[in-house]
Amino acid sequence: MIAVDSNILVYAHRRDVPEHAAAARCLTELAEGQERWAIPWPCVYEFFSKTTHPRIFHPPSTRAQALLQLEAWFASPSLGLIGETDPFWPGLSKLVEAGRIAGPMVHDARIAAICLHHGVRELWTADRDFDRFPNLRVRNPLVDDIRN
């Protein structure tokens, strides 16, 4: 199963970012495909927070636009929304120790732990901070598309 990080979601939604076309293409392929894919719940919240924030985007997405986008992705029959379930804490605490995590980096550790807990084989992200978690395979699906 492939999981998608919030930055890829934001890029797919916001037409005003250079990565939009590549990210939208990636999300469309996942949403319309047969292979199971996932969005971690913390990425849903971060997507909404970033796209509707007036200090990040000018103008920001409206609540209605962000919610409509999420509902469109949620309608994909191959999508699974993943989050913390028992026993989640042991995996997260190991990642925090191994990655020497402190402060806001715990957000990425939480996403990595959720992915590992649910058997995600690959996290699609443009965030290099996930390299701190060697047990989670990460890939930036936009790199090849952006260079072309």
# chains A, B, ... in the order shown; residues from 1 in each chain; ligands from 1
>>> residues_around(residues="Val138 (chain A)", least_positions_apart="2", cutoff="8 Å", atoms="only C-alpha atoms", output="number ranges by chain")
A: 122-125, 130-131, 136, 140
>>> select_by_dssp(residues="region 7-125 of chain A", states="strand (DSSP E or B)", output="mmCIF file with N, CA and C atoms, in the first residue's frame")
data_model
loop_
_atom_site.group_PDB
_atom_site.id
_atom_site.type_symbol
_atom_site.label_atom_id
_atom_site.label_comp_id
_atom_site.auth_asym_id
_atom_site.auth_seq_id
_atom_site.Cartn_x
_atom_site.Cartn_y
_atom_site.Cartn_z
ATOM 1 N N TRP A 37 -4.505 2.398 -1.483
ATOM 2 C CA TRP A 37 -3.627 3.497 -1.093
ATOM 3 C C TRP A 37 -4.210 4.113 0.168
ATOM 4 N N ALA A 38 -3.432 4.968 0.819
ATOM 5 C CA ALA A 38 -3.856 5.486 2.112
ATOM 6 C C ALA A 38 -3.455 6.948 2.298
ATOM 7 N N ILE A 39 -4.220 7.596 3.141
ATOM 8 C CA ILE A 39 -3.849 8.917 3.645
ATOM 9 C C ILE A 39 -3.879 8.804 5.166
ATOM 10 N N PRO A 40 -2.758 9.087 5.830
ATOM 11 C CA PRO A 40 -2.774 9.115 7.300
ATOM 12 C C PRO A 40 -3.638 10.282 7.792
ATOM 13 N N LEU A 79 -9.132 3.894 -1.447
ATOM 14 C CA LEU A 79 -8.496 4.664 -0.382
ATOM 15 C C LEU A 79 -8.818 4.100 0.988
ATOM 16 N N GLY A 80 -7.808 4.078 1.850
ATOM 17 C CA GLY A 80 -8.001 3.777 3.260
ATOM 18 C C GLY A 80 -7.433 4.926 4.074
ATOM 19 N N LEU A 81 -8.159 5.377 5.065
ATOM 20 C CA LEU A 81 -7.660 6.408 5.978
ATOM 21 C C LEU A 81 -7.071 5.687 7.175
ATOM 22 N N ILE A 82 -5.814 6.007 7.499
ATOM 23 C CA ILE A 82 -5.125 5.258 8.547
ATOM 24 C C ILE A 82 -4.727 6.177 9.691
ATOM 25 N N GLU A 122 5.281 2.149 0.997
ATOM 26 C CA GLU A 122 5.968 3.339 0.498
ATOM 27 C C GLU A 122 5.159 4.582 0.831
ATOM 28 N N LEU A 123 5.839 5.609 1.362
ATOM 29 C CA LEU A 123 5.214 6.904 1.625
ATOM 30 C C LEU A 123 5.639 7.860 0.532
ATOM 31 N N TRP A 124 4.656 8.460 -0.140
ATOM 32 C CA TRP A 124 4.953 9.468 -1.148
ATOM 33 C C TRP A 124 4.983 10.823 -0.456
#
>>> residues_around(residues="region 13-19 of chain A", least_positions_apart="2", cutoff="8 Å", atoms="only C-alpha atoms", output="ChimeraX atom specification")
/A:9-11,21-24,51,69,142,146
>>> residues_around(residues="Ile111 (chain A)", least_positions_apart="5", cutoff="9 Å", atoms="only C-alpha atoms", output="PyMOL selection string")
chain A and resi 5+40-43+83+106+116
>>> select_by_dssp(residues="region 40-142 of chain A", states="helix (DSSP H, G or I)", output="PyMOL selection string")
chain A and resi 41-51+63-74+89-98+103-117+128-132
>>> atom_distance(atom1="CA of His20 (chain A)", atom2="CA of Ser61 (chain A)")
14.4 Å
>>> residues_around(residues="Phe133 (chain A)", least_positions_apart="2", cutoff="9 Å", atoms="only C-alpha atoms", output="PyMOL selection string")
chain A and resi 95+98-99+109+112+129-131+135-137
>>> write_last_selection(atoms="C-alpha atoms", output="mmCIF file, in the first residue's frame")
data_model
loop_
_atom_site.group_PDB
_atom_site.id
_atom_site.type_symbol
_atom_site.label_atom_id
_atom_site.label_comp_id
_atom_site.auth_asym_id
_atom_site.auth_seq_id
_atom_site.Cartn_x
_atom_site.Cartn_y
_atom_site.Cartn_z
ATOM 1 C CA LEU A 95 11.062 5.975 16.038
ATOM 2 C CA ALA A 98 16.101 6.064 16.852
ATOM 3 C CA GLY A 99 15.512 9.282 14.889
ATOM 4 C CA ALA A 109 7.523 10.506 13.437
ATOM 5 C CA ALA A 112 5.948 7.329 9.909
ATOM 6 C CA ASP A 129 12.863 14.700 6.897
ATOM 7 C CA PHE A 130 11.326 11.239 6.539
ATOM 8 C CA ASP A 131 14.804 9.914 5.737
ATOM 9 C CA ASN A 135 12.324 1.298 8.141
ATOM 10 C CA LEU A 136 9.914 3.357 6.044
ATOM 11 C CA ARG A 137 10.500 3.487 2.316
#
>>> closest_residue(among="A:Ala12, A:Pro104, A:Arg25, A:Gly119", to="Ala66 (chain A)", atoms="only C-alpha atoms")
A:Ala12
>>> closest_residue(among="A:Ala126, A:Val120, A:Ala113, A:Val44", to="Ile2 (chain A)", atoms="only C-alpha atoms")
A:Val120
>>> atom_distance(atom1="CA of Leu27 (chain A)", atom2="CA of Ile114 (chain A)")
20.0 Å
